[in-house]
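Here's query_4.pdb, which has PDB, C-alpha atoms:
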```pdb
ATOM      1  CA  MET A   1      62.599  82.391  66.320
ATOM      2  CA  ILE A   2      61.597  83.058  69.914
ATOM      3  CA  ALA A   3      58.484  82.126  71.861
ATOM      4  CA  HIS A   4      55.093  81.650  70.243
ATOM      5  CA  THR A   5      55.931  82.725  66.699
ATOM      6  CA  SER A   6      54.093  79.737  65.261
ATOM      7  CA  ALA A   7      50.325  79.500  64.755
ATOM      8  CA  VAL A   8      50.179  76.276  66.790
ATOM      9  CA  ASP A   9      51.796  77.926  69.803
ATOM     10  CA  HIS A  10      49.459  80.882  69.596
ATOM     11  CA  LEU A  11      46.370  78.674  69.261
ATOM     12  CA  ALA A  12      47.461  76.877  72.428
ATOM     13  CA  LEU A  13      47.731  80.211  74.219
ATOM     14  CA  VAL A  14      44.303  81.277  72.946
ATOM     15  CA  GLY A  15      42.906  78.026  74.320
ATOM     16  CA  ALA A  16      44.507  78.650  77.712
ATOM     17  CA  GLY A  17      43.165  82.216  77.732
ATOM     18  CA  SER A  18      39.657  80.974  76.905
ATOM     19  CA  VAL A  19      39.804  78.532  79.809
ATOM     20  CA  ALA A  20      40.911  81.349  82.138
ATOM     21  CA  VAL A  21      37.943  83.484  81.054
ATOM     22  CA  ILE A  22      35.435  80.638  81.493
ATOM     23  CA  VAL A  23      36.732  79.623  84.930
ATOM     24  CA  TYR A  24      36.707  83.255  86.041
ATOM     25  CA  ARG A  25      33.102  83.688  84.939
ATOM     26  CA  ILE A  26      32.004  80.525  86.737
ATOM     27  CA  GLY A  27      33.540  81.892  89.922
ATOM     28  CA  TRP A  28      31.482  85.077  89.827
ATOM     29  CA  LEU A  29      28.276  83.179  89.028
ATOM     30  CA  ARG A  30      28.343  81.873  92.615
ATOM     31  CA  ARG A  31      28.029  85.406  94.027
ATOM     32  CA  PRO A  32      24.896  87.478  93.257
ATOM     33  CA  GLY A  33      25.398  90.978  91.933
ATOM     34  CA  ASP A  34      26.539  92.877  88.905
ATOM     35  CA  HIS A  35      30.097  91.858  88.037
ATOM     36  CA  GLY A  36      29.956  92.980  84.418
ATOM     37  CA  LEU A  37      32.760  95.535  84.690
ATOM     38  CA  ALA A  38      35.053  93.045  86.405
ATOM     39  CA  PHE A  39      34.324  90.412  83.748
ATOM     40  CA  ILE A  40      34.982  92.872  80.916
ATOM     41  CA  SER A  41      38.242  93.908  82.593
ATOM     42  CA  TRP A  42      39.317  90.277  82.865
ATOM     43  CA  ILE A  43      38.531  89.603  79.211
ATOM     44  CA  GLY A  44      40.421  92.742  78.198
ATOM     45  CA  GLY A  45      43.466  91.868  80.291
ATOM     46  CA  VAL A  46      43.631  88.285  79.011
ATOM     47  CA  ALA A  47      43.151  89.490  75.422
ATOM     48  CA  LEU A  48      46.022  91.981  75.749
ATOM     49  CA  VAL A  49      48.340  89.327  77.159
ATOM     50  CA  LEU A  50      47.497  87.158  74.161
ATOM     51  CA  ALA A  51      47.974  90.105  71.795
ATOM     52  CA  ALA A  52      51.474  90.632  73.195
ATOM     53  CA  THR A  53      52.333  87.064  72.144
ATOM     54  CA  LEU A  54      50.978  87.262  68.589
ATOM     55  CA  PRO A  55      53.458  85.897  66.042
ATOM     56  CA  ALA A  56      53.714  89.329  64.426
ATOM     57  CA  MET A  57      54.490  90.961  67.777
ATOM     58  CA  GLU A  58      57.031  88.302  68.667
ATOM     59  CA  GLY A  59      58.716  88.698  65.300
ATOM     60  CA  TRP A  60      58.916  92.477  65.748
ATOM     61  CA  ALA A  61      60.429  92.008  69.199
ATOM     62  CA  GLN A  62      63.006  89.628  67.723
ATOM     63  CA  ARG A  63      64.109  92.198  65.138
ATOM     64  CA  SER A  64      63.834  95.457  67.060
ATOM     65  CA  PHE A  65      64.368  96.933  70.513
ATOM     66  CA  THR A  66      61.399  99.206  69.795
ATOM     67  CA  GLY A  67      59.164  96.222  69.095
ATOM     68  CA  HIS A  68      60.254  94.538  72.304
ATOM     69  CA  MET A  69      59.579  97.714  74.272
ATOM     70  CA  VAL A  70      56.068  98.034  72.829
ATOM     71  CA  GLN A  71      55.422  94.389  73.682
ATOM     72  CA  HIS A  72      56.470  94.962  77.280
ATOM     73  CA  LEU A  73      54.387  98.110  77.638
ATOM     74  CA  VAL A  74      51.265  96.299  76.421
ATOM     75  CA  ILE A  75      51.741  93.875  79.305
ATOM     76  CA  ILE A  76      52.728  96.416  81.972
ATOM     77  CA  VAL A  77      50.607  99.472  81.148
ATOM     78  CA  ALA A  78      47.461  97.892  79.691
ATOM     79  CA  ALA A  79      47.063  94.222  80.640
ATOM     80  CA  ALA A  80      48.207  94.369  84.285
ATOM     81  CA  PRO A  81      45.804  97.095  85.527
ATOM     82  CA  LEU A  82      42.843  95.454  83.787
ATOM     83  CA  LEU A  83      43.610  92.108  85.410
ATOM     84  CA  VAL A  84      43.913  93.770  88.825
ATOM     85  CA  LEU A  85      40.625  95.632  88.340
ATOM     86  CA  ALA A  86      38.948  92.266  87.648
ATOM     87  CA  GLU A  87      39.832  91.045  91.180
ATOM     88  CA  PRO A  88      40.617  87.461  90.079
ATOM     89  CA  MET A  89      41.496  86.227  93.580
ATOM     90  CA  ARG A  90      37.969  86.950  94.776
ATOM     91  CA  ALA A  91      36.431  85.351  91.690
ATOM     92  CA  PHE A  92      38.489  82.169  91.918
ATOM     93  CA  ARG A  93      37.862  81.924  95.663
ATOM     94  CA  GLU A  94      34.158  81.684  94.857
ATOM     95  CA  LEU A  95      34.822  78.376  93.073
ATOM     96  CA  SER A  96      35.123  76.743  96.494
ATOM     97  CA  SER A  97      31.873  74.985  97.363
ATOM     98  CA  THR A  98      32.005  75.997 101.023
ATOM     99  CA  PRO A  99      32.692  79.577 102.119
ATOM    100  CA  ARG A 100      35.390  80.055 104.737
ATOM    101  CA  HIS A 101      36.888  82.828 106.779
ATOM    102  CA  ALA A 102      40.433  83.985 106.280
ATOM    103  CA  SER A 103      42.929  82.115 108.448
ATOM    104  CA  ARG A 104      45.252  83.776 110.933
ATOM    105  CA  VAL A 105      48.126  83.380 108.479
ATOM    106  CA  GLU A 106      46.104  85.059 105.749
ATOM    107  CA  ARG A 107      45.168  87.935 108.038
ATOM    108  CA  THR A 108      48.811  88.333 109.037
ATOM    109  CA  VAL A 109      49.890  88.372 105.396
ATOM    110  CA  GLY A 110      47.153  90.900 104.701
ATOM    111  CA  ARG A 111      48.335  93.249 107.420
ATOM    112  CA  TRP A 112      51.932  92.886 106.250
ATOM    113  CA  TRP A 113      50.859  93.574 102.676
ATOM    114  CA  ARG A 114      49.002  96.716 103.728
ATOM    115  CA  GLU A 115      52.125  98.154 105.305
ATOM    116  CA  LEU A 116      54.940  96.968 103.052
ATOM    117  CA  GLY A 117      53.215  95.863  99.840
ATOM    118  CA  PRO A 118      53.775  99.112  97.907
ATOM    119  CA  LEU A 119      57.501  99.143  98.685
ATOM    120  CA  VAL A 120      57.962  95.445  97.891
ATOM    121  CA  ALA A 121      56.007  95.799  94.642
ATOM    122  CA  ALA A 122      57.973  98.864  93.524
ATOM    123  CA  ALA A 123      61.332  97.275  94.366
ATOM    124  CA  SER A 124      60.415  94.063  92.538
ATOM    125  CA  PHE A 125      59.202  95.957  89.477
ATOM    126  CA  LEU A 126      62.362  98.060  89.211
ATOM    127  CA  ALA A 127      64.624  95.054  89.813
ATOM    128  CA  VAL A 128      62.979  93.128  86.967
ATOM    129  CA  LEU A 129      63.107  96.207  84.727
ATOM    130  CA  TYR A 130      66.847  96.773  85.237
ATOM    131  CA  VAL A 131      67.933  93.135  85.147
ATOM    132  CA  THR A 132      66.072  92.447  81.908
ATOM    133  CA  HIS A 133      67.319  95.586  80.132
ATOM    134  CA  LEU A 134      70.876  96.133  81.345
ATOM    135  CA  SER A 135      72.211  92.599  81.557
ATOM    136  CA  ALA A 136      72.766  89.645  79.259
ATOM    137  CA  VAL A 137      69.296  88.389  80.182
ATOM    138  CA  TYR A 138      67.730  90.596  77.513
ATOM    139  CA  ASP A 139      69.772  89.155  74.647
ATOM    140  CA  GLU A 140      69.480  85.594  75.950
ATOM    141  CA  ALA A 141      65.698  85.948  76.091
ATOM    142  CA  LEU A 142      65.654  86.638  72.354
ATOM    143  CA  HIS A 143      66.993  83.127  71.746
ATOM    144  CA  ARG A 144      65.660  81.026  74.628
ATOM    145  CA  ARG A 145      61.936  80.448  74.728
ATOM    146  CA  TRP A 146      61.669  79.576  78.424
ATOM    147  CA  LEU A 147      63.590  82.712  79.415
ATOM    148  CA  HIS A 148      61.474  84.895  77.150
ATOM    149  CA  ASP A 149      58.292  83.510  78.729
ATOM    150  CA  ALA A 150      59.718  83.920  82.238
ATOM    151  CA  GLU A 151      60.558  87.533  81.431
ATOM    152  CA  HIS A 152      56.954  88.256  80.422
ATOM    153  CA  VAL A 153      55.570  86.488  83.492
ATOM    154  CA  ALA A 154      57.869  88.608  85.670
ATOM    155  CA  TYR A 155      56.707  91.827  83.982
ATOM    156  CA  LEU A 156      53.046  90.919  84.352
ATOM    157  CA  GLY A 157      53.390  89.726  87.939
ATOM    158  CA  CYS A 158      55.386  92.699  89.208
ATOM    159  CA  ALA A 159      53.210  95.235  87.396
ATOM    160  CA  ALA A 160      50.057  93.588  88.788
ATOM    161  CA  LEU A 161      51.530  93.686  92.308
ATOM    162  CA  LEU A 162      52.297  97.374  91.878
ATOM    163  CA  TRP A 163      48.777  98.210  90.678
ATOM    164  CA  ALA A 164      47.165  96.037  93.378
ATOM    165  CA  ALA A 165      49.250  97.540  96.184
ATOM    166  CA  THR A 166      48.339 101.052  95.069
ATOM    167  CA  ARG A 167      44.669 100.324  94.525
ATOM    168  CA  ASN A 168      43.919  98.451  97.752
ATOM    169  CA  ALA A 169      46.080 100.195 100.315
ATOM    170  CA  GLY A 170      43.302 102.371 101.802
ATOM    171  CA  ARG A 171      44.360 104.564 104.728
ATOM    172  CA  ARG A 172      47.411 102.551 105.642
ATOM    173  CA  ALA A 173      50.976 103.430 104.726
ATOM    174  CA  PRO A 174      50.226 106.525 102.621
ATOM    175  CA  VAL A 175      53.875 107.629 102.702
ATOM    176  CA  GLN A 176      55.030 104.201 101.501
ATOM    177  CA  ARG A 177      52.494 104.219  98.661
ATOM    178  CA  VAL A 178      53.359 107.642  97.324
ATOM    179  CA  GLY A 179      57.070 106.998  97.855
ATOM    180  CA  ALA A 180      56.853 103.731  95.938
ATOM    181  CA  VAL A 181      55.197 105.457  92.988
ATOM    182  CA  PHE A 182      57.847 108.169  92.897
ATOM    183  CA  ALA A 183      60.547 105.484  93.096
ATOM    184  CA  VAL A 184      59.090 103.830  90.004
ATOM    185  CA  ILE A 185      58.960 107.203  88.237
ATOM    186  CA  ALA A 186      62.602 107.970  89.046
ATOM    187  CA  GLY A 187      63.817 104.445  88.325
ATOM    188  CA  SER A 188      62.075 104.215  84.965
ATOM    189  CA  ALA A 189      63.333 107.652  83.944
ATOM    190  CA  LEU A 190      66.909 106.739  84.887
ATOM    191  CA  LEU A 191      66.756 103.544  82.848
ATOM    192  CA  GLY A 192      65.465 105.552  79.897
ATOM    193  CA  VAL A 193      68.387 107.966  80.252
ATOM    194  CA  VAL A 194      70.874 105.069  80.314
ATOM    195  CA  LEU A 195      69.412 103.558  77.143
ATOM    196  CA  MET A 196      69.163 106.922  75.405
ATOM    197  CA  SER A 197      72.687 108.090  76.243
ATOM    198  CA  ALA A 198      74.524 104.836  75.530
ATOM    199  CA  ALA A 199      77.283 105.356  72.995
ATOM    200  CA  SER A 200      76.824 101.910  71.455
ATOM    201  CA  PRO A 201      74.004  99.371  71.116
ATOM    202  CA  LEU A 202      73.492  97.159  74.154
ATOM    203  CA  VAL A 203      71.927  94.119  72.461
ATOM    204  CA  PRO A 204      74.187  92.110  70.091
ATOM    205  CA  THR A 205      71.233  90.415  68.378
ATOM    206  CA  TYR A 206      69.905  93.744  67.166
ATOM    207  CA  VAL A 207      73.357  94.773  65.949
ATOM    208  CA  GLU A 208      73.484  91.612  63.826
ATOM    209  CA  ALA A 209      70.008  92.258  62.446
ATOM    210  CA  LEU A 210      70.191  96.023  61.869
ATOM    211  CA  GLY A 211      73.829  97.050  61.924
ATOM    212  CA  ALA A 212      75.422  99.148  64.673
ATOM    213  CA  GLU A 213      74.115 102.561  63.570
ATOM    214  CA  ARG A 214      70.520 101.508  63.002
ATOM    215  CA  ALA A 215      70.532  99.415  66.174
ATOM    216  CA  LEU A 216      71.627 102.468  68.181
ATOM    217  CA  ASP A 217      68.863 104.589  66.649
ATOM    218  CA  ASP A 218      66.360 101.828  67.390
ATOM    219  CA  GLN A 219      67.564 101.651  70.990
ATOM    220  CA  ARG A 220      67.111 105.390  71.457
ATOM    221  CA  LEU A 221      63.608 105.236  69.994
ATOM    222  CA  ALA A 222      62.808 102.425  72.423
ATOM    223  CA  ALA A 223      64.090 104.587  75.301
ATOM    224  CA  SER A 224      61.782 107.407  74.206
ATOM    225  CA  ILE A 225      58.845 104.989  74.167
ATOM    226  CA  MET A 226      59.855 103.835  77.639
ATOM    227  CA  TRP A 227      59.617 107.413  78.924
ATOM    228  CA  VAL A 228      56.160 107.880  77.436
ATOM    229  CA  GLY A 229      55.046 104.465  78.640
ATOM    230  CA  GLY A 230      56.504 105.141  82.069
ATOM    231  CA  MET A 231      54.394 108.262  82.407
ATOM    232  CA  ALA A 232      51.370 106.292  81.220
ATOM    233  CA  THR A 233      51.990 103.898  84.112
ATOM    234  CA  THR A 234      53.162 106.115  86.933
ATOM    235  CA  LEU A 235      50.842 109.105  86.546
ATOM    236  CA  PRO A 236      47.687 106.974  86.904
ATOM    237  CA  LEU A 237      49.377 105.109  89.766
ATOM    238  CA  LEU A 238      50.078 108.384  91.562
ATOM    239  CA  LEU A 239      46.539 109.670  91.020
ATOM    240  CA  LEU A 240      45.097 106.331  92.133
ATOM    241  CA  SER A 241      47.250 106.310  95.258
ATOM    242  CA  VAL A 242      46.205 109.814  96.311
ATOM    243  CA  TRP A 243      42.541 109.161  95.445
ATOM    244  CA  SER A 244      42.497 105.889  97.408
ATOM    245  CA  TRP A 245      43.993 107.608 100.430
ATOM    246  CA  ALA A 246      41.567 110.551 100.270
ATOM    247  CA  SER A 247      38.546 108.291  99.738
ATOM    248  CA  ALA A 248      39.464 106.118 102.710
ATOM    249  CA  GLU A 249      39.889 109.184 104.936
ATOM    250  CA  GLU A 250      36.513 110.500 103.813
ATOM    251  CA  ARG A 251      34.786 107.180 104.597
ATOM    252  CA  VAL A 252      36.332 107.114 108.072
ATOM    253  CA  ALA A 253      35.231 110.698 108.726
ATOM    254  CA  VAL A 254      31.652 109.933 107.658
ATOM    255  CA  ARG A 255      31.559 106.794 109.801
ATOM    256  CA  SER A 256      32.943 108.618 112.827
ATOM    257  CA  GLU A 257      30.325 111.337 112.464
ATOM    258  CA  ALA A 258      27.575 108.733 112.218
ATOM    259  CA  LEU A 259      28.840 106.925 115.315
ATOM    260  CA  ARG A 260      28.904 110.136 117.316
ATOM    261  CA  GLU A 261      25.248 110.658 116.475
ATOM    262  CA  VAL A 262      24.007 107.200 117.541
ATOM    263  CA  GLY A 263      25.764 107.041 120.899
ATOM    264  CA  PRO A 264      28.538 105.194 122.736
ATOM    265  CA  ARG A 265      26.939 101.719 122.829
ATOM    266  CA  ALA A 266      26.287 101.608 119.086
ATOM    267  CA  ARG A 267      29.743 103.006 118.497
ATOM    268  CA  ARG A 268      31.365 100.148 120.388
ATOM    269  CA  GLY A 269      29.284  97.581 118.516
ATOM    270  CA  ALA A 270      30.058  99.135 115.126
ATOM    271  CA  VAL A 271      33.770  99.275 115.833
ATOM    272  CA  ARG A 272      33.807  95.639 116.988
ATOM    273  CA  SER A 273      31.904  94.570 113.869
ATOM    274  CA  ASP A 274      34.254  96.525 111.635
ATOM    275  CA  VAL A 275      37.323  94.890 113.190
ATOM    276  CA  ASP A 276      36.041  91.327 113.257
ATOM    277  CA  GLY A 277      33.779  91.189 110.265
ATOM    278  CA  ARG A 278      36.220  91.621 107.414
ATOM    279  CA  ALA A 279      39.619  89.987 107.028
ATOM    280  CA  ASP A 280      42.634  92.042 106.031
ATOM    281  CA  PHE A 281      43.733  89.324 103.656
ATOM    282  CA  GLU A 282      40.624  89.653 101.467
ATOM    283  CA  ASP A 283      41.147  93.423 101.263
ATOM    284  CA  ALA A 284      44.782  92.935 100.270
ATOM    285  CA  VAL A 285      44.060  90.588  97.406
ATOM    286  CA  GLY A 286      41.184  92.468  95.853
ATOM    287  CA  GLY A 287      38.579  93.792  98.259
ATOM    288  CA  GLU A 288      37.134  97.232  98.062
TER     289      GLU A 288
END
```

Write-out of the structure in structure tokens:
Amino acid sequence: MIAHTSAVDHLALVGAGSVAVIVYRIGWLRRPGDHGLAFISWIGGVALVLAATLPAMEGWAQRSFTGHMVQHLVIIVAAAPLLVLAEPMRAFRELSSTPRHASRVERTVGRWWRELGPLVAAASFLAVLYVTHLSAVYDEALHRRWLHDAEHVAYLGCAALLWAATRNAGRRAPVQRVGAVFAVIAGSALLGVVLMSAASPLVPTYVEALGAERALDDQRLAASIMWVGGMATTLPLLLLSVWSWASAEERVAVRSEALREVGPRARRGAVRSDVDGRADFEDAVGGE
């Protein structure tokens, strides 16, 4: 069997997830305020990652393309956005005993991420999606534990990058953001078409387990689930991207109106404070 099908393996994962939740909570305790929603999101995301590795889920993925697809969608569509909403980078940064300002390197990375993050995230996500479904990697992952785990880490990481880039982009690079979302829509749909229209099963392990005819039917059902799951991912991403852009424009308009009312000197001071007072890097990794 593949990764984490034994109770011992799953108990170890539950222990690691519990540690992640505790450490996360300790981080937020250092900053006053109501972080209940973020904490609930973190618990939900960690719980869904653990649910995707349940022995029953792993066994289903071993026997069926459909089961494997459901397992992947739990990670990509449900767990990843919850983990991003929890802003773990900010929480874990609070564990440091002494506060610090973002370095020049961090600010540079933040500015780069603002401009190119959506495109990099979308390209990475699609690359992982195609490599793991249309190459021998998929079948090898059904038999090699380390590869199976690496596959899930890649799904979670790329999906989280995609959600984070869309959520935190603000006013910058609106064309890149919307274009990246449409690229994911088109790429996911094309992969679904390839799986659906294939004349023969693509995964030898499933052919051995189900027979050629049933394996092909299972593959087509998995492709249908991919289409539905793809819409569940990309439609919220598109709405989030447009909403983030519109909200940022509205905030800038309100601020500009307020600055016009208080006069030139206050305007210069407010602009200087806005530029110097908040690092781009913190915004990129989870700021509002």

A:Thr108, A:Ser197, A:Thr132, A:Gln219: which is nearest Ala154 of chain A, counting all atoms listed in the file? A:Thr132

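Of the residues listed (A:Ala183, A:Val84, A:Cys158, A:Ala52), A:Ala52 shows the shortest atom-to-atom separation from Gly67 of chain A; distances use all atoms listed in the file.
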
Which residues come within 7 Å of Gly45 of chain A, counting only C-alpha atoms, excluding same-chain residues fewer than 4 positions away, as a ChimeraX atom specification? /A:41,49,79-80,82-83

Calculated over all atoms listed in the file, which of the candidates A:Trp163, A:Leu202, A:Leu191, A:His72 has the smallest distance to Val137 of chain A? A:Leu202

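Each of A:Val181, A:Val105, A:Ala160, A:Leu142 was checked against Leu119 of chain A using all atoms listed in the file; the smallest atom-to-atom distance is that of A:Val181.
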
Could you spell out the hits of the PyMOL selection byres ((chain A and resi 124-131) around 10) on the shown file, as a VMD selection string? chain A and resid 76 118 to 123 132 to 138 151 154 to 162 183 to 188 190 to 191

So that I can see what lies close to Ile40 of chain A, please list as a list of chain:residue names the residues with an atom at most 12 Å from it, counting all atoms listed in the file and leaving out residues fewer than 6 positions away in the same chain. A:Val21, A:Tyr24, A:Arg25, A:Asp34, A:Val46, A:Ala47, A:Leu82, A:Leu83, A:Val84, A:Leu85, A:Ala86, A:Glu87

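Interatomic distance, atom CA of Asp9 of chain A against atom CA of Ala61 of chain A: 16.5 Å.
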
Selected residue of minimal separation from Met196 of chain A among A:Ala51, A:Ala215, A:Ala223, A:Ala209, counting all atoms listed in the file: A:Ala223

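Atom to atom, atom CA of Val70 of chain A and atom CA of Met57 of chain A stand 8.8 Å apart.
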
For each of A:Asp149, A:Glu140, A:Glu257, A:Glu208, take the minimum atom-to-atom distance to Glu58 of chain A, counting all atoms listed in the file, then give the residue where this is smallest. A:Asp149

Between atom CA of Trp146 of chain A and atom CA of Arg214 of chain A, measure the distance and give it in Å to one decimal. 28.2 Å

Resolved residues for the PyMOL selection byres ((chain A and resi 207) around 12) as a PyMOL selection string: chain A and resi 62-65+139+200-206+208-219
